[in-house]
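Participant: Just my_file_0.txt, nothing more (compact mmCIF, C-alpha atoms):
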```txt
# COMPACT_ATOMS: atom_id res chain seq x y z
CA MET O 1 0.00 0.00 0.00
CA LEU O 2 2.81 2.25 0.62
CA VAL O 3 4.21 1.55 -2.78
CA THR O 4 0.88 2.37 -4.30
CA PHE O 5 0.77 5.58 -2.46
CA PHE O 6 4.29 6.55 -3.63
CA THR O 7 3.43 5.54 -7.15
CA PHE O 8 0.33 7.64 -6.95
CA LEU O 9 2.43 10.58 -5.73
CA ILE O 10 4.96 10.13 -8.51
CA ILE O 11 2.20 10.06 -11.14
CA ILE O 12 0.55 13.09 -9.68
CA TRP O 13 3.88 14.79 -9.45
CA ARG O 14 4.62 14.16 -13.10
CA LEU O 15 1.17 15.34 -14.09
CA ILE O 16 1.25 18.56 -12.09
CA LYS O 17 4.93 19.30 -12.29
CA ASN O 18 4.88 21.15 -15.65
CA PRO O 19 1.63 23.03 -15.05
CA LEU O 20 2.78 23.86 -11.51
CA ASN O 21 6.18 24.99 -12.78
CA ASN O 22 4.50 27.06 -15.47
CA PHE O 23 2.09 28.53 -12.95
CA LEU O 24 4.84 29.30 -10.46
CA HIS O 25 7.06 30.69 -13.21
CA LEU O 26 4.23 32.95 -14.44
CA ARG O 27 3.44 33.96 -10.89
CA SER O 28 7.11 34.75 -10.28
CA GLU O 29 7.23 36.85 -13.48
CA LYS O 30 4.09 38.74 -12.44
CA ILE O 31 5.58 39.41 -9.02
CA LYS O 32 8.84 40.61 -10.62
CA ASP O 33 6.90 42.84 -13.02
CA SER O 34 4.81 44.14 -10.17
CA ILE O 35 7.95 44.86 -8.13
CA LEU O 36 9.53 46.67 -11.10
CA LYS O 37 6.35 48.68 -11.71
CA ASN O 38 6.11 49.57 -8.03
CA LYS O 39 9.78 50.52 -7.99
CA GLN O 40 9.20 52.73 -11.05
CA LEU O 41 6.11 54.26 -9.44
CA ARG O 42 8.09 54.83 -6.26
CA ASP O 43 10.89 56.53 -8.21
CA ASP O 44 8.37 58.67 -10.10
CA ALA O 45 6.62 59.59 -6.86
CA LEU O 46 9.96 60.44 -5.24
CA GLN O 47 10.90 62.59 -8.21
CA LYS O 48 7.52 64.37 -8.09
CA PHE O 49 7.95 64.82 -4.34
CA GLN O 50 11.36 66.41 -4.87
CA ILE O 51 9.95 68.69 -7.57
CA HIS O 52 7.06 69.77 -5.33
CA ASN O 53 9.39 70.14 -2.36
CA GLN O 54 11.67 72.38 -4.45
CA ARG O 55 8.61 74.38 -5.55
CA LEU O 56 7.67 74.84 -1.90
CA ILE O 57 11.17 76.02 -1.10
CA ASN O 58 11.01 78.35 -4.10
CA LEU O 59 7.58 79.54 -3.01
CA ASP O 60 8.92 80.39 0.43
CA SER O 61 11.72 82.46 -1.08
CA GLU O 62 9.32 83.96 -3.63
CA ILE O 63 6.89 84.91 -0.84
CA GLN O 64 9.78 86.48 1.07
CA ASN O 65 10.80 88.38 -2.08
CA ILE O 66 7.23 89.62 -2.54
CA LYS O 67 7.13 90.70 1.11
CA ASN O 68 10.45 92.50 0.72
CA ASN O 69 9.27 94.20 -2.48
CA PHE O 70 6.05 95.34 -0.84
CA THR O 71 7.96 96.57 2.18
CA LYS O 72 10.36 98.53 -0.04
CA GLN O 73 7.45 99.89 -2.06
CA GLY O 74 5.66 100.88 1.15
CA GLU O 75 8.77 102.62 2.45
CA TYR O 76 9.17 104.42 -0.90
CA GLU O 77 5.53 105.53 -0.85
CA PHE O 78 5.90 106.64 2.77
CA GLN O 79 8.97 108.73 1.91
CA LYS O 80 7.20 110.15 -1.13
CA LEU O 81 4.15 111.10 0.95
CA LYS O 82 6.41 112.53 3.62
CA GLN O 83 8.23 114.69 1.06
CA GLU O 84 4.95 115.87 -0.48
CA THR O 85 3.60 116.67 2.98
CA GLU O 86 6.75 118.62 3.80
CA LYS O 87 6.43 120.54 0.51
CA VAL O 88 2.81 121.38 1.23
CA LEU O 89 3.69 122.31 4.80
CA ASN O 90 6.58 124.52 3.67
CA LEU O 91 4.35 126.16 1.07
CA SER O 92 1.65 126.69 3.69
CA LEU O 93 4.21 128.10 6.12
CA ARG O 94 5.54 130.47 3.44
CA GLU O 95 2.01 131.53 2.56
CA LEU O 96 1.22 132.05 6.23
CA GLU O 97 4.44 134.00 6.74
CA PHE O 98 3.63 136.17 3.70
CA LYS O 99 0.08 136.72 4.96
CA LEU O 100 1.37 137.65 8.42
CA LYS O 101 3.94 140.06 6.95
CA THR O 102 1.24 141.59 4.76
CA ASP O 103 -1.15 141.94 7.70
CA ILE O 104 1.59 143.45 9.87
CA PHE O 105 2.53 145.85 7.07
CA ASN O 106 -1.12 146.86 6.58
CA PHE O 107 -1.59 147.27 10.33
CA GLU O 108 1.60 149.33 10.52
CA MET O 109 0.42 151.56 7.66
CA ARG O 110 -3.00 152.08 9.27
CA LEU O 111 -1.33 152.80 12.59
CA ARG O 112 1.01 155.30 10.93
CA HIS O 113 -1.94 156.89 9.17
CA GLU O 114 -3.89 157.14 12.44
CA ILE O 115 -0.85 158.45 14.32
CA ALA O 116 -0.17 160.95 11.54
CA GLY O 117 -3.81 162.06 11.69
CA GLU O 118 -3.57 162.50 15.45
CA VAL O 119 -0.28 164.38 15.13
CA ILE O 120 -1.78 166.67 12.51
CA LYS O 121 -4.82 167.30 14.72
CA LYS O 122 -2.64 168.09 17.71
CA ALA O 123 -0.42 170.29 15.58
CA LYS O 124 -3.50 172.19 14.33
CA ASN O 125 -4.70 172.56 17.91
CA ILE O 126 -1.29 173.76 18.99
CA LEU O 127 -1.07 176.14 16.06
CA SER O 128 -4.60 177.35 16.71
CA HIS O 129 -3.77 177.76 20.37
CA ASN O 130 -0.51 179.48 19.46
CA GLU O 131 -2.41 181.86 17.19
CA GLN O 132 -4.74 182.69 20.05
CA ILE O 133 -1.77 183.20 22.32
CA ASN O 134 -0.01 185.21 19.64
CA THR O 135 -3.09 187.33 19.16
CA LYS O 136 -3.40 187.87 22.91
CA PHE O 137 0.33 188.52 23.12
CA GLN O 138 0.16 190.95 20.27
CA ASN O 139 -2.83 192.65 21.85
CA GLN O 140 -0.97 192.89 25.16
CA VAL O 141 2.13 194.19 23.49
CA ILE O 142 0.05 196.78 21.67
CA GLU O 143 -1.66 197.75 24.92
CA ASP O 144 1.66 197.94 26.70
CA ILE O 145 3.11 200.05 23.97
CA SER O 146 0.06 202.23 23.94
CA LYS O 147 0.39 203.02 27.59
```
Could you quickly redo this structure as structure tokens?
Facilitator:
Amino acid sequence: MLVTFFTFLIIIWRLIKNPLNNFLHLRSEKIKDSILKNKQLRDDALQKFQIHNQRLINLDSEIQNIKNNFTKQGEYEFQKLKQETEKVLNLSLRELEFKLKTDIFNFEMRLRHEIAGEVIKKAKNILSHNEQINTKFQNQVIEDISK
């Protein structure tokens, strides 16, 4: 019975050996192909990762460049506005100074005119008073001479 069993195994082995070898060989080839494809996919994914990683690094530096450019532009605009404000302020100060000088000059001229008017009035009063005194003095002198 043992011999029959071994004979049965040998027959079965001979019958399934080629199909089993073919199956295992095909399976092995599929596994190798799958490993190669996965390796290729892994390499492609790694390459894409490196490209995207480099883009991120570039984006960081590009963002920093944009920030720097905006900061410089803001500083430039600030200086420009500051200069324009100083120009307007200087112009306003000059206009104000001119207006003040003009007002002072006009006030001085009015004051001179008023003072001159007062001086002329007082001079007329003095002259009028002097004429009255002169007339009285003349009348006295005439009376004194007549006596």
Participant: Write out as JSON lines the residues of range 27-104 of chain O that have any atom within 12 Å of an atom of range 1-21 of chain O, one row each with the nearest atom pair and its distance in Å to one decimal, counting all atoms listed in the file, sorted by chain and then rising number.
Facilitator:
```
{"residue": "O:Arg27", "atom": "CA", "partner": "O:Asn21", "partner_atom": "CA", "distance": 9.6}
{"residue": "O:Ser28", "atom": "CA", "partner": "O:Asn21", "partner_atom": "CA", "distance": 10.1}
{"residue": "O:Glu29", "atom": "CA", "partner": "O:Asn21", "partner_atom": "CA", "distance": 11.9}
```
Participant: Would you mind reading off the distance between CA of Lys80 in chain O and CA of Gln64 in chain O, one decimal, in Å?
Facilitator: 23.9 Å
Participant: Expressed in Å to a single decimal, how great is the separation between CA of Asp103 in chain O and CA of Asn90 in chain O?
Facilitator: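 Result for CA of Asp103 in chain O versus CA of Asn90 in chain O: 19.5 Å, one decimal.
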Participant: Between CA of Leu81 in chain O and CA of Ile66 in chain O, what is the distance in Å, rounded to a tenth?
Facilitator: 22.0 Å
